>>> print(open('model.txt').read())   # compact mmCIF, C-alpha atoms and all ligand atoms
# COMPACT_ATOMS: atom_id res chain seq x y z
CA MET L 1428 -17.93 15.60 -14.37
CA LYS L 1429 -15.91 14.70 -11.30
CA LYS L 1430 -12.14 14.90 -11.60
CA ILE L 1431 -10.38 12.58 -9.19
CA LEU L 1432 -6.61 12.75 -8.70
CA ILE L 1433 -5.12 9.43 -7.57
CA THR L 1434 -1.45 9.69 -6.55
CA GLY L 1435 0.82 6.64 -6.71
CA GLY L 1436 -1.58 4.92 -9.10
CA ALA L 1437 1.20 3.00 -10.88
CA GLY L 1438 2.23 1.25 -7.66
CA PHE L 1439 0.88 -1.90 -6.04
CA ILE L 1440 -2.29 -0.74 -4.24
CA GLY L 1441 -2.70 2.40 -6.37
CA SER L 1442 -2.98 0.39 -9.60
CA HIS L 1443 -5.84 -1.68 -8.13
CA VAL L 1444 -7.59 1.51 -6.97
CA VAL L 1445 -7.16 3.17 -10.38
CA ARG L 1446 -8.52 0.09 -12.18
CA LEU L 1447 -11.57 -0.09 -9.88
CA PHE L 1448 -12.40 3.62 -10.24
CA VAL L 1449 -11.82 3.80 -14.02
CA ASN L 1450 -14.07 0.79 -14.63
CA LYS L 1451 -16.73 1.48 -12.00
CA TYR L 1452 -17.10 5.24 -12.52
CA PRO L 1453 -16.97 5.96 -16.29
CA GLU L 1454 -18.62 9.35 -15.57
CA CYS L 1455 -15.53 10.40 -13.54
CA GLU L 1456 -12.20 11.54 -14.98
CA ILE L 1457 -9.42 9.63 -13.22
CA TYR L 1458 -5.97 11.26 -13.18
CA ASN L 1459 -3.10 9.00 -12.08
CA LEU L 1460 -0.13 11.09 -10.88
CA ASP L 1461 3.00 8.99 -10.37
CA LYS L 1462 6.73 9.63 -10.43
CA LEU L 1463 7.38 6.05 -11.59
CA THR L 1464 10.02 5.23 -9.00
CA TYR L 1465 11.35 1.67 -8.88
CA ALA L 1466 7.95 0.71 -7.36
CA GLY L 1467 5.78 2.33 -10.05
CA ASN L 1468 5.09 0.43 -13.23
CA LEU L 1469 2.67 1.34 -16.03
CA GLU L 1470 2.59 -2.34 -17.00
CA ASN L 1471 0.25 -2.69 -14.01
CA LEU L 1472 -2.42 -0.74 -15.91
CA THR L 1473 -2.27 -1.90 -19.54
CA ASP L 1474 -5.86 -3.22 -19.37
CA ILE L 1475 -7.32 0.24 -18.70
CA GLU L 1476 -4.75 2.62 -20.21
CA ASN L 1477 -6.89 3.34 -23.28
CA LYS L 1478 -10.14 4.02 -21.46
CA PRO L 1479 -11.43 7.53 -22.25
CA ASN L 1480 -11.77 8.52 -18.56
CA TYR L 1481 -8.17 7.54 -17.65
CA HIS L 1482 -5.25 9.99 -17.75
CA PHE L 1483 -1.66 9.36 -16.68
CA ILE L 1484 0.59 12.20 -15.50
CA LYS L 1485 4.26 11.58 -14.70
CA GLY L 1486 5.24 13.91 -11.86
CA ASP L 1487 6.79 14.26 -8.44
CA ILE L 1488 4.71 15.24 -5.39
CA VAL L 1489 7.85 16.61 -3.72
CA ASP L 1490 7.96 19.46 -6.25
CA ALA L 1491 5.67 22.04 -4.59
CA ASP L 1492 5.48 24.49 -7.54
CA TYR L 1493 4.67 21.71 -9.96
CA ILE L 1494 1.90 20.32 -7.73
CA TYR L 1495 0.42 23.79 -7.27
CA GLN L 1496 0.38 24.36 -11.05
CA LEU L 1497 -1.12 20.94 -11.69
CA PHE L 1498 -4.05 21.68 -9.36
CA ALA L 1499 -4.57 25.11 -10.89
CA GLU L 1500 -4.58 23.60 -14.38
CA HIS L 1501 -6.89 20.62 -13.76
CA GLN L 1502 -9.11 21.80 -10.86
CA PHE L 1503 -9.36 18.34 -9.29
CA ASP L 1504 -12.49 17.82 -7.20
CA SER L 1505 -10.98 15.12 -5.00
CA VAL L 1506 -7.69 13.46 -4.18
CA ILE L 1507 -6.97 9.87 -3.21
CA HIS L 1508 -3.39 10.01 -2.00
CA LEU L 1509 -1.39 6.79 -2.13
CA ALA L 1510 2.02 7.93 -3.47
CA ALA L 1511 4.67 7.05 -0.93
CA GLU L 1512 7.91 5.32 -0.23
CA SER L 1513 6.52 2.15 1.31
CA HIS L 1514 9.23 -0.35 2.28
CA VAL L 1515 10.44 -0.47 5.91
CA ASP L 1516 13.89 -1.88 5.01
CA ARG L 1517 14.52 0.99 2.58
CA SER L 1518 13.43 3.48 5.25
CA ILE L 1519 16.12 2.11 7.55
CA THR L 1520 18.85 2.74 4.95
CA ASN L 1521 17.47 6.02 3.56
CA PRO L 1522 15.08 7.75 5.99
CA THR L 1523 15.35 11.19 4.40
CA GLU L 1524 13.76 10.02 1.16
CA PHE L 1525 10.77 8.89 3.25
CA VAL L 1526 10.49 12.30 4.91
CA MET L 1527 10.60 14.01 1.52
CA THR L 1528 8.01 11.86 -0.27
CA ASN L 1529 5.73 10.87 2.59
CA VAL L 1530 5.74 14.06 4.66
CA VAL L 1531 6.75 16.93 2.34
CA GLY L 1532 4.93 15.39 -0.64
CA THR L 1533 1.73 15.06 1.40
CA VAL L 1534 1.97 18.64 2.68
CA ASN L 1535 2.47 19.88 -0.91
CA LEU L 1536 -0.75 18.15 -1.95
CA LEU L 1537 -2.61 19.52 1.09
CA ASN L 1538 -1.45 23.06 0.27
CA ALA L 1539 -2.53 22.75 -3.36
CA ALA L 1540 -5.96 21.40 -2.32
CA LYS L 1541 -6.35 24.13 0.30
CA SER L 1542 -5.59 26.86 -2.24
CA ASN L 1543 -7.97 25.51 -4.86
CA TRP L 1544 -11.00 24.42 -2.87
CA GLN L 1545 -13.74 26.43 -1.17
CA LEU L 1546 -13.23 25.51 2.46
CA ALA L 1547 -16.67 25.88 3.97
CA ILE L 1548 -17.79 22.60 5.40
CA GLY L 1549 -19.79 23.84 8.39
CA ASN L 1550 -22.45 21.18 7.86
CA GLY L 1551 -19.93 18.41 7.11
CA VAL L 1552 -20.93 18.26 3.43
CA SER L 1553 -18.43 19.16 0.72
CA GLU L 1554 -17.98 18.80 -3.02
CA ASN L 1555 -14.31 18.09 -2.37
CA LEU L 1556 -12.42 15.39 -0.51
CA PHE L 1557 -8.78 14.79 0.36
CA TYR L 1558 -8.51 11.08 1.10
CA HIS L 1559 -5.22 10.06 2.67
CA VAL L 1560 -4.36 6.36 2.46
CA SER L 1561 -2.23 5.21 5.38
CA THR L 1562 -1.02 2.19 7.29
CA ASP L 1563 -1.65 0.41 10.58
CA GLU L 1564 2.11 0.68 11.25
CA VAL L 1565 1.53 4.19 12.67
CA TYR L 1566 0.09 2.55 15.80
CA GLY L 1567 3.38 0.79 16.58
CA SER L 1568 3.79 -2.78 17.76
CA LEU L 1569 1.31 -4.94 19.72
CA HIS L 1570 2.93 -7.13 22.34
CA ASP L 1571 0.20 -8.71 24.44
CA GLY L 1572 -3.02 -9.32 22.56
CA GLY L 1573 -5.49 -6.65 21.58
CA PHE L 1574 -6.11 -4.85 18.30
CA PHE L 1575 -5.46 -1.43 16.78
CA LEU L 1576 -8.55 0.76 17.01
CA GLU L 1577 -9.07 4.13 15.30
CA ASN L 1578 -8.28 5.88 18.60
CA THR L 1579 -5.20 3.82 19.49
CA PRO L 1580 -2.42 6.34 20.24
CA TYR L 1581 0.22 6.67 17.53
CA ASP L 1582 3.55 5.04 18.39
CA PRO L 1583 5.51 4.60 15.14
CA GLN L 1584 8.73 2.59 15.46
CA SER L 1585 10.39 2.68 12.01
CA PRO L 1586 11.37 5.64 9.82
CA TYR L 1587 8.65 4.47 7.39
CA SER L 1588 5.89 4.43 10.01
CA ALA L 1589 7.16 7.68 11.54
CA SER L 1590 6.88 9.37 8.13
CA LYS L 1591 3.37 7.98 7.58
CA ALA L 1592 2.32 9.00 11.12
CA SER L 1593 3.62 12.49 10.45
CA SER L 1594 1.67 12.72 7.19
CA ASP L 1595 -1.52 11.53 8.97
CA HIS L 1596 -1.04 14.27 11.59
CA PHE L 1597 -0.66 16.92 8.87
CA VAL L 1598 -3.83 15.74 7.14
CA ARG L 1599 -5.80 15.98 10.42
CA ALA L 1600 -4.20 19.34 11.21
CA TYR L 1601 -5.38 20.76 7.85
CA HIS L 1602 -8.91 19.59 8.66
CA ASN L 1603 -8.80 21.09 12.12
CA THR L 1604 -7.10 24.35 11.14
CA TYR L 1605 -8.35 25.10 7.62
CA LYS L 1606 -11.50 22.92 7.47
CA LEU L 1607 -10.05 20.94 4.59
CA PRO L 1608 -12.48 18.04 3.97
CA ILE L 1609 -10.41 14.96 4.69
CA VAL L 1610 -10.75 11.29 5.46
CA ILE L 1611 -8.00 8.83 6.44
CA SER L 1612 -7.82 5.06 6.37
CA ASN L 1613 -5.18 2.90 8.02
CA CYS L 1614 -4.84 -0.57 6.52
CA SER L 1615 -3.01 -3.74 7.49
CA ASN L 1616 -0.47 -5.56 5.25
CA ASN L 1617 -1.70 -6.07 1.70
CA TYR L 1618 -0.85 -8.96 -0.63
CA GLY L 1619 -1.82 -9.81 -4.18
CA PRO L 1620 -0.84 -9.21 -7.83
CA ASN L 1621 1.55 -6.38 -8.81
CA GLN L 1622 3.37 -6.01 -5.48
CA PHE L 1623 7.04 -5.19 -5.89
CA PRO L 1624 9.05 -8.32 -4.99
CA GLU L 1625 10.95 -6.79 -2.08
CA LYS L 1626 7.97 -7.26 0.27
CA LEU L 1627 7.65 -10.63 2.01
CA ILE L 1628 5.09 -12.52 -0.10
CA PRO L 1629 6.20 -11.66 -3.68
CA LEU L 1630 9.89 -11.82 -2.66
CA PHE L 1631 9.49 -15.34 -1.36
CA ILE L 1632 7.43 -16.45 -4.39
CA ASN L 1633 10.13 -15.05 -6.67
CA ASN L 1634 12.98 -16.59 -4.69
CA ILE L 1635 11.31 -20.01 -4.57
CA ARG L 1636 10.84 -20.02 -8.33
CA ASN L 1637 14.53 -19.09 -8.76
CA ASN L 1638 15.71 -21.55 -6.07
CA LYS L 1639 17.17 -18.71 -4.01
CA PRO L 1640 17.34 -18.55 -0.18
CA LEU L 1641 14.28 -17.28 1.71
CA PRO L 1642 15.63 -14.75 4.23
CA VAL L 1643 13.50 -15.05 7.39
CA TYR L 1644 14.20 -12.15 9.74
CA GLY L 1645 14.96 -13.25 13.32
CA LYS L 1646 13.00 -16.36 14.30
CA GLY L 1647 10.06 -15.68 11.97
CA GLU L 1648 7.80 -15.06 14.97
CA ASN L 1649 6.52 -11.61 13.97
CA VAL L 1650 2.83 -11.44 13.21
CA ARG L 1651 1.14 -9.54 10.38
CA ASP L 1652 -2.55 -9.16 9.49
CA TRP L 1653 -2.94 -9.81 5.72
CA LEU L 1654 -5.59 -8.40 3.38
CA PHE L 1655 -6.03 -9.13 -0.34
CA VAL L 1656 -5.26 -5.94 -2.26
CA VAL L 1657 -8.53 -5.93 -4.22
CA ASP L 1658 -10.43 -5.92 -0.92
CA HIS L 1659 -8.38 -2.89 0.17
CA ALA L 1660 -9.30 -1.14 -3.10
CA ARG L 1661 -13.00 -1.93 -2.43
CA ALA L 1662 -12.65 -0.51 1.08
CA ILE L 1663 -11.07 2.66 -0.34
CA ASP L 1664 -14.05 2.99 -2.69
CA ASP L 1665 -16.44 2.69 0.28
CA VAL L 1666 -14.52 5.18 2.44
CA PHE L 1667 -14.27 7.62 -0.48
CA HIS L 1668 -18.00 7.51 -1.23
CA LYS L 1669 -19.56 6.84 2.18
CA GLY L 1670 -16.96 7.84 4.78
CA LYS L 1671 -17.66 10.77 7.07
CA ILE L 1672 -15.51 13.87 6.66
CA GLY L 1673 -12.82 14.16 9.34
CA GLU L 1674 -13.07 10.47 10.26
CA THR L 1675 -10.53 7.65 10.31
CA TYR L 1676 -11.31 4.09 9.25
CA ASN L 1677 -9.15 1.06 10.06
CA ILE L 1678 -9.10 -1.60 7.32
CA GLY L 1679 -8.10 -5.22 7.87
CA GLY L 1680 -9.27 -8.77 7.36
CA PHE L 1681 -8.95 -10.25 10.87
CA ASN L 1682 -6.33 -12.51 9.31
CA GLU L 1683 -3.23 -12.76 11.49
CA TRP L 1684 -0.31 -14.95 10.53
CA LYS L 1685 3.04 -15.59 12.17
CA ASN L 1686 5.66 -15.04 9.43
CA LEU L 1687 7.01 -18.59 9.62
CA ASP L 1688 3.54 -20.16 9.35
CA LEU L 1689 2.73 -17.97 6.36
CA ILE L 1690 6.05 -18.83 4.70
CA LYS L 1691 5.34 -22.55 5.12
CA VAL L 1692 1.97 -22.10 3.36
CA ILE L 1693 3.68 -20.26 0.47
CA CYS L 1694 6.30 -23.04 0.21
CA LYS L 1695 3.63 -25.75 0.13
CA VAL L 1696 1.50 -24.05 -2.53
CA MET L 1697 4.62 -23.31 -4.60
CA ASP L 1698 5.73 -26.97 -4.39
CA LYS L 1699 2.32 -27.99 -5.68
CA LYS L 1700 2.25 -25.40 -8.50
CA LEU L 1701 5.82 -26.08 -9.62
CA GLY L 1702 5.40 -29.85 -9.46
CA ARG L 1703 8.09 -30.13 -6.81
CA GLU L 1704 8.13 -32.69 -4.01
CA ILE L 1705 6.26 -31.35 -0.95
CA GLY L 1706 8.90 -29.98 1.45
CA GLU L 1707 11.35 -28.99 -1.32
CA SER L 1708 10.82 -25.21 -1.18
CA LYS L 1709 10.91 -25.17 2.64
CA LYS L 1710 14.57 -26.20 2.42
CA LEU L 1711 15.31 -22.71 1.04
CA ILE L 1712 14.38 -21.07 4.38
CA SER L 1713 17.40 -19.25 5.77
CA TYR L 1714 17.29 -17.45 9.12
CA VAL L 1715 19.04 -14.08 8.90
CA THR L 1716 19.77 -11.17 11.26
CA ASP L 1717 16.56 -9.53 12.40
CA ARG L 1718 15.38 -6.20 10.97
CA ALA L 1719 16.41 -3.33 13.28
CA GLY L 1720 13.49 -2.28 15.51
CA HIS L 1721 11.29 -5.04 14.01
CA ASP L 1722 7.65 -4.57 15.13
CA LEU L 1723 6.38 -7.78 16.73
CA ARG L 1724 2.68 -7.78 15.85
CA TYR L 1725 0.12 -5.76 13.90
CA ALA L 1726 -3.61 -6.54 14.13
CA ILE L 1727 -6.49 -4.36 13.01
CA ASP L 1728 -9.95 -4.12 14.52
CA ALA L 1729 -11.99 -3.44 11.36
CA ASN L 1730 -15.40 -3.29 13.06
CA LYS L 1731 -15.97 0.41 12.37
CA ILE L 1732 -15.72 0.16 8.55
CA MET L 1733 -17.68 -3.10 8.61
CA ASN L 1734 -20.52 -1.76 10.77
CA GLU L 1735 -20.71 1.82 9.49
CA LEU L 1736 -19.89 1.42 5.80
CA GLY L 1737 -20.93 -2.20 5.24
CA TRP L 1738 -17.50 -3.27 3.90
CA LYS L 1739 -16.15 -6.77 4.40
CA PRO L 1740 -13.34 -8.77 2.80
CA SER L 1741 -14.50 -10.88 -0.13
CA LEU L 1742 -11.76 -13.52 -0.07
CA GLN L 1743 -10.57 -16.09 2.43
CA PHE L 1744 -6.79 -16.11 2.83
CA GLU L 1745 -6.30 -19.61 1.36
CA GLU L 1746 -8.08 -18.51 -1.84
CA GLY L 1747 -6.24 -15.17 -1.94
CA ILE L 1748 -2.78 -16.68 -1.57
CA GLU L 1749 -3.49 -19.26 -4.28
CA LYS L 1750 -4.74 -16.50 -6.64
CA THR L 1751 -1.65 -14.43 -5.81
CA ILE L 1752 0.80 -17.25 -6.51
CA ASP L 1753 -1.01 -18.06 -9.76
CA TRP L 1754 -0.68 -14.42 -10.83
CA TYR L 1755 3.08 -14.28 -10.23
CA LEU L 1756 3.62 -17.62 -11.96
CA THR L 1757 1.66 -16.54 -15.05
CA ASN L 1758 3.42 -13.15 -15.02
CA GLN L 1759 7.02 -14.26 -14.65
CA LYS L 1760 8.12 -11.71 -17.25
CA TRP L 1761 6.72 -8.95 -14.99
CA LEU L 1762 8.82 -10.36 -12.12
CA ASP L 1763 11.93 -10.58 -14.29
CA ASP L 1764 11.42 -7.06 -15.69
CA VAL L 1765 10.97 -5.36 -12.30
CA THR L 1766 13.87 -7.21 -10.69
CA SER L 1767 16.39 -6.58 -13.46
CA GLY L 1768 18.89 -3.71 -13.49
CA ASP L 1769 19.38 -1.57 -10.38
CA TYR L 1770 17.11 -3.67 -8.20
CA ALA L 1771 19.30 -6.77 -8.52
CA LYS L 1772 22.26 -4.77 -7.21
CA TYR L 1773 20.18 -3.26 -4.39
CA TYR L 1774 18.90 -6.67 -3.34
CA GLU L 1775 22.35 -8.25 -3.23
CA LYS L 1776 23.61 -5.35 -1.09
CA LEU L 1777 20.63 -5.54 1.31
CA TYR L 1778 21.37 -9.16 2.15
CA VAL L 1779 25.17 -8.94 2.35
CA GLY L 1780 26.11 -9.75 5.95
CA ARG L 1781 22.61 -10.78 7.00
P1 LIG E 1801 4.20 1.12 -3.70
O1 LIG E 1801 5.58 1.37 -3.18
O2 LIG E 1801 3.91 -0.16 -4.42
O3 LIG E 1801 3.76 2.30 -4.68
C1 LIG E 1801 4.01 3.63 -4.42
C2 LIG E 1801 3.78 4.42 -5.69
O4 LIG E 1801 4.04 5.81 -5.40
C3 LIG E 1801 4.71 4.03 -6.85
O5 LIG E 1801 3.96 3.91 -8.04
C4 LIG E 1801 5.69 5.19 -6.92
O6 LIG E 1801 6.19 5.40 -8.24
C5 LIG E 1801 4.84 6.36 -6.45
N1 LIG E 1801 5.66 7.44 -5.88
C6 LIG E 1801 6.68 7.33 -4.99
N2 LIG E 1801 7.22 8.54 -4.75
C7 LIG E 1801 6.53 9.45 -5.49
C8 LIG E 1801 6.63 10.84 -5.68
N3 LIG E 1801 7.57 11.55 -5.04
N4 LIG E 1801 5.75 11.46 -6.51
C9 LIG E 1801 4.81 10.73 -7.18
N5 LIG E 1801 4.69 9.38 -7.05
C10 LIG E 1801 5.54 8.74 -6.22
O7 LIG E 1801 3.24 1.30 -2.44
P2 LIG E 1801 1.92 0.52 -2.04
O8 LIG E 1801 2.28 -0.71 -1.30
O9 LIG E 1801 1.05 0.43 -3.22
O10 LIG E 1801 1.30 1.55 -0.99
C11 LIG E 1801 0.47 2.61 -1.42
C12 LIG E 1801 0.03 3.42 -0.21
O11 LIG E 1801 -0.67 2.57 0.70
C13 LIG E 1801 1.20 4.00 0.58
O12 LIG E 1801 0.82 5.28 1.02
C14 LIG E 1801 1.36 3.05 1.76
O13 LIG E 1801 1.88 3.73 2.88
C15 LIG E 1801 -0.07 2.61 1.98
N6 LIG E 1801 -0.24 1.26 2.56
C16 LIG E 1801 0.43 0.19 2.05
C17 LIG E 1801 0.22 -1.08 2.60
C18 LIG E 1801 0.89 -2.31 2.03
O14 LIG E 1801 0.77 -3.39 2.61
N7 LIG E 1801 1.59 -2.22 0.92
C19 LIG E 1801 -0.65 -1.23 3.68
C20 LIG E 1801 -1.32 -0.10 4.18
C21 LIG E 1801 -1.12 1.13 3.61
P1 LIG E 1802 7.14 -6.61 4.68
O1 LIG E 1802 6.48 -7.32 3.54
O2 LIG E 1802 8.39 -5.86 4.43
O3 LIG E 1802 6.02 -5.68 5.34
P2 LIG E 1802 6.07 -4.83 6.74
O4 LIG E 1802 7.44 -4.82 7.27
O5 LIG E 1802 5.62 -3.50 6.29
O6 LIG E 1802 5.10 -5.53 7.63
O7 LIG E 1802 7.45 -7.69 5.82
C1 LIG E 1802 6.43 -8.50 6.37
C2 LIG E 1802 7.05 -9.32 7.49
O8 LIG E 1802 8.00 -10.23 6.93
C3 LIG E 1802 7.82 -8.49 8.50
O9 LIG E 1802 7.64 -9.04 9.80
C4 LIG E 1802 9.27 -8.63 8.06
C5 LIG E 1802 9.32 -10.03 7.48
N1 LIG E 1802 10.29 -10.23 6.37
C6 LIG E 1802 11.19 -11.30 6.42
O10 LIG E 1802 11.22 -12.10 7.39
N2 LIG E 1802 12.07 -11.45 5.38
C7 LIG E 1802 12.08 -10.61 4.31
O11 LIG E 1802 12.91 -10.79 3.38
C8 LIG E 1802 11.12 -9.54 4.26
C9 LIG E 1802 11.08 -8.58 3.10
C10 LIG E 1802 10.23 -9.39 5.32
>>> encode(input="model.txt", output="C-alpha cells", more="lines below")
Ligand code: NAD
Ligand code: TYD
Amino acid sequence: MKKILITGGAGFIGSHVVRLFVNKYPECEIYNLDKLTYAGNLENLTDIENKPNYHFIKGDIVDADYIYQLFAEHQFDSVIHLAAESHVDRSITNPTEFVMTNVVGTVNLLNAAKSNWQLAIGNGVSENLFYHVSTDEVYGSLHDGGFFLENTPYDPQSPYSASKASSDHFVRAYHNTYKLPIVISNCSNNYGPNQFPEKLIPLFINNIRNNKPLPVYGKGENVRDWLFVVDHARAIDDVFHKGKIGETYNIGGFNEWKNLDLIKVICKVMDKKLGREIGESKKLISYVTDRAGHDLRYAIDANKIMNELGWKPSLQFEEGIEKTIDWYLTNQKWLDDVTSGDYAKYYEKLYVGR
C-alpha cells in the first residue's frame, strides 16, 4: 500500500489535494502533516476526516529531528509538499518566518526523504517521489507582454517569492546531486473555497458582506492569472502520477485579470447575491498605498502540462467566481471563525496608515 505524505494539507490548496487523493485513491494511505498555523484549519476536511485511509499528524516541518523521526517511523513512499507561509504582505513584515518554513522546512523534508529512500533512478523510474508545489511568483514580474515558461529565469521580487525560489532551487539541487526523484510545479494565483480571507478574493467577499472598505493597492492595475483551486488539485494529481522525474510543470488557466476589473466583478455578483442595488458594493472600494515592490503582472503559459499530461481547467472563470462566492456566503461561520481572535488585530494593524 502506498503511503503518501501531504504537507500543509489543512491549508487552502492542501485541503483540496488531500480530499481528492483520499477519495480517488482508497488503496493509498494519505498522511496530512500540518502545523495548523493561522492558515491551517481542520474544518476544511470534516467531510473526509473519518475515511480509513486518512491520517492527520500535527507537526512542524521546521523541526529537523522530528521530521527525520516521522519518516523513519512511517516510511512514506512519496511526498507532496505544500506546507508554506504563503502571503506576500506577511512576508514583507516578517521575512524570517518565510525563510524558516519555506526554505529550512523544505530542506528538512528533502533530507528525511534522502535518508529513507533508495536513490537509484538511473533509468528515470522510481518507487518514490518528492513533489514540490510552488508558485509562478518565482519568475518575477512581467512588464511587456509574454508569459512565464518552465525555463523562464527566476527573478523573485518579494521575500515570499524569494523563499519559494530558494526552496525550488534546493529541490532541483537534491535531484542533481543525490538523484532524489523530484518533480516541481509552479502555479498561478488560486481562488475558491477555504482560502484564508487575507488574500484578495476572500478578503473582498468578506469585507463586502460586512460593509467594510475594500483596500485596493495602488491603482488596481496589477494583473494576476486566476485558477480555480480544484483545477489546481487535479493538475497536482496529474503531475504526481504522470509527470516526468526531474521536470517542472507550469500550471495556469490562461485567465488574466486586472485587479480592478476582477474587483468590479466580485462587487456585482455580491450585490446580486445579497439583494443589494447594483453598484452598492463598488462604493466600498478604497484606494490605499501600494504594496512595497508590488509585482505588476503574472501570466502562465500552461501548454506543457496541457500537451504532455492532458490536463486542462474544468471551469470558466465566471462559473468559478460564482461558485466561490456561493461557498463563502453559505459558510459565513467559517469566515467568522477564522477571522476572530488574533487575526482581527493583525488585520487592523496591517491597514493602519494605508
Ligand atoms: P495556505 O497558507 O492556505 O496553507 C499553508 C498550510 O501550511 C497551512 O495549513 C499551514 O498550517 C501549514 N504550515 C505552515 N507552516 C508550517 C510548518 N512549519 N509545518 C507544517 N505545516 C505548516 O497556503 P496555500 O495557499 O494553500 O498554498 C499551498 C502551497 O501552494 C504553498 O506552498 C504555496 O506557495 C503554493 N501556491 C499557492 C498559490 C495560491 O494562490 N495560494 C499559488 C501557487 C502556489
Ligand atoms: P494576493 O491575493 O495577496 O495574491 P498575490 O500577491 O500572491 O498575487 O493579491 C492579489 C492581488 O491583489 C495583488 O496584486 C495584490 C492585490 N491586493 C489588493 O489590491 N488589496 C488587498 O487587500 C490584497 C490582499 C491584495
>>> residues_around(input="model.txt", residues="Gly1680 of chain L", least_positions_apart="2", cutoff="7 Å", atoms="all atoms listed in the file", output="PyMOL selection string")
chain L and resi 1653-1654+1682+1740
>>> residues_near_ligand(input="model.txt", ligand="ligand LIG 1801 (chain E)", cutoff="6 Å", atoms="all atoms listed in the file", output="JSON, numbers by chain")
{"L": [1435, 1436, 1437, 1438, 1439, 1440, 1441, 1461, 1462, 1463, 1464, 1466, 1467, 1486, 1487, 1488, 1489, 1509, 1510, 1511, 1512, 1513, 1528, 1560, 1561, 1562, 1614, 1615, 1616, 1617, 1622]}
>>> write_last_selection(input="model.txt", atoms="C-alpha atoms", output="mmCIF file, keeping the file's coordinate frame")
data_model
loop_
_atom_site.group_PDB
_atom_site.id
_atom_site.type_symbol
_atom_site.label_atom_id
_atom_site.label_comp_id
_atom_site.auth_asym_id
_atom_site.auth_seq_id
_atom_site.Cartn_x
_atom_site.Cartn_y
_atom_site.Cartn_z
ATOM 1 C CA GLY L 1435 0.820 6.640 -6.710
ATOM 2 C CA GLY L 1436 -1.580 4.920 -9.100
ATOM 3 C CA ALA L 1437 1.200 3.000 -10.880
ATOM 4 C CA GLY L 1438 2.230 1.250 -7.660
ATOM 5 C CA PHE L 1439 0.880 -1.900 -6.040
ATOM 6 C CA ILE L 1440 -2.290 -0.740 -4.240
ATOM 7 C CA GLY L 1441 -2.700 2.400 -6.370
ATOM 8 C CA ASP L 1461 3.000 8.990 -10.370
ATOM 9 C CA LYS L 1462 6.730 9.630 -10.430
ATOM 10 C CA LEU L 1463 7.380 6.050 -11.590
ATOM 11 C CA THR L 1464 10.020 5.230 -9.000
ATOM 12 C CA ALA L 1466 7.950 0.710 -7.360
ATOM 13 C CA GLY L 1467 5.780 2.330 -10.050
ATOM 14 C CA GLY L 1486 5.240 13.910 -11.860
ATOM 15 C CA ASP L 1487 6.790 14.260 -8.440
ATOM 16 C CA ILE L 1488 4.710 15.240 -5.390
ATOM 17 C CA VAL L 1489 7.850 16.610 -3.720
ATOM 18 C CA LEU L 1509 -1.390 6.790 -2.130
ATOM 19 C CA ALA L 1510 2.020 7.930 -3.470
ATOM 20 C CA ALA L 1511 4.670 7.050 -0.930
ATOM 21 C CA GLU L 1512 7.910 5.320 -0.230
ATOM 22 C CA SER L 1513 6.520 2.150 1.310
ATOM 23 C CA THR L 1528 8.010 11.860 -0.270
ATOM 24 C CA VAL L 1560 -4.360 6.360 2.460
ATOM 25 C CA SER L 1561 -2.230 5.210 5.380
ATOM 26 C CA THR L 1562 -1.020 2.190 7.290
ATOM 27 C CA CYS L 1614 -4.840 -0.570 6.520
ATOM 28 C CA SER L 1615 -3.010 -3.740 7.490
ATOM 29 C CA ASN L 1616 -0.470 -5.560 5.250
ATOM 30 C CA ASN L 1617 -1.700 -6.070 1.700
ATOM 31 C CA GLN L 1622 3.370 -6.010 -5.480
#
>>> residues_around(input="model.txt", residues="segment 1442-1455 of chain L", least_positions_apart="6", cutoff="7 Å", atoms="only C-alpha atoms", output="PyMOL selection string")
chain L and resi 1428-1430+1436+1471-1472+1475+1480-1481+1657+1660
>>> residues_near_ligand(input="model.txt", ligand="ligand LIG 1802 (chain E)", cutoff="7 Å", atoms="only C-alpha atoms and all ligand atoms", output="ChimeraX atom specification")
/L:1514-1516,1616,1625-1628,1630,1641-1644,1647,1649-1651,1686,1721-1722
>>> write_last_selection(input="model.txt", atoms="C-alpha atoms", output="PDB file, keeping the file's coordinate frame")
ATOM      1  CA  HIS L1514       9.230  -0.350   2.280  1.00  0.00           C
ATOM      2  CA  VAL L1515      10.440  -0.470   5.910  1.00  0.00           C
ATOM      3  CA  ASP L1516      13.890  -1.880   5.010  1.00  0.00           C
ATOM      4  CA  ASN L1616      -0.470  -5.560   5.250  1.00  0.00           C
ATOM      5  CA  GLU L1625      10.950  -6.790  -2.080  1.00  0.00           C
ATOM      6  CA  LYS L1626       7.970  -7.260   0.270  1.00  0.00           C
ATOM      7  CA  LEU L1627       7.650 -10.630   2.010  1.00  0.00           C
ATOM      8  CA  ILE L1628       5.090 -12.520  -0.100  1.00  0.00           C
ATOM      9  CA  LEU L1630       9.890 -11.820  -2.660  1.00  0.00           C
ATOM     10  CA  LEU L1641      14.280 -17.280   1.710  1.00  0.00           C
ATOM     11  CA  PRO L1642      15.630 -14.750   4.230  1.00  0.00           C
ATOM     12  CA  VAL L1643      13.500 -15.050   7.390  1.00  0.00           C
ATOM     13  CA  TYR L1644      14.200 -12.150   9.740  1.00  0.00           C
ATOM     14  CA  GLY L1647      10.060 -15.680  11.970  1.00  0.00           C
ATOM     15  CA  ASN L1649       6.520 -11.610  13.970  1.00  0.00           C
ATOM     16  CA  VAL L1650       2.830 -11.440  13.210  1.00  0.00           C
ATOM     17  CA  ARG L1651       1.140  -9.540  10.380  1.00  0.00           C
ATOM     18  CA  ASN L1686       5.660 -15.040   9.430  1.00  0.00           C
ATOM     19  CA  HIS L1721      11.290  -5.040  14.010  1.00  0.00           C
ATOM     20  CA  ASP L1722       7.650  -4.570  15.130  1.00  0.00           C
TER      21      ASP L1722
END
>>> axis_aligned_box(input="model.txt", around="segment 1556-1564 of chain L", padding_each_side="3 Å", output="JSON")
{"center_x": -5.2, "center_y": 7.9, "center_z": 5.4, "size_x": 20.5, "size_y": 21.0, "size_z": 17.8}
>>> closest_residue(input="model.txt", among="L:Leu1687, L:Val1715, L:Ile1457, L:Val1610", to="His1596 of chain L", atoms="all atoms listed in the file")
L:Val1610
>>> closest_residue(input="model.txt", among="L:Pro1608, L:Gly1567, L:Gly1532, L:Gly1747", to="Ala1491 of chain L", atoms="only C-alpha atoms")
L:Gly1532
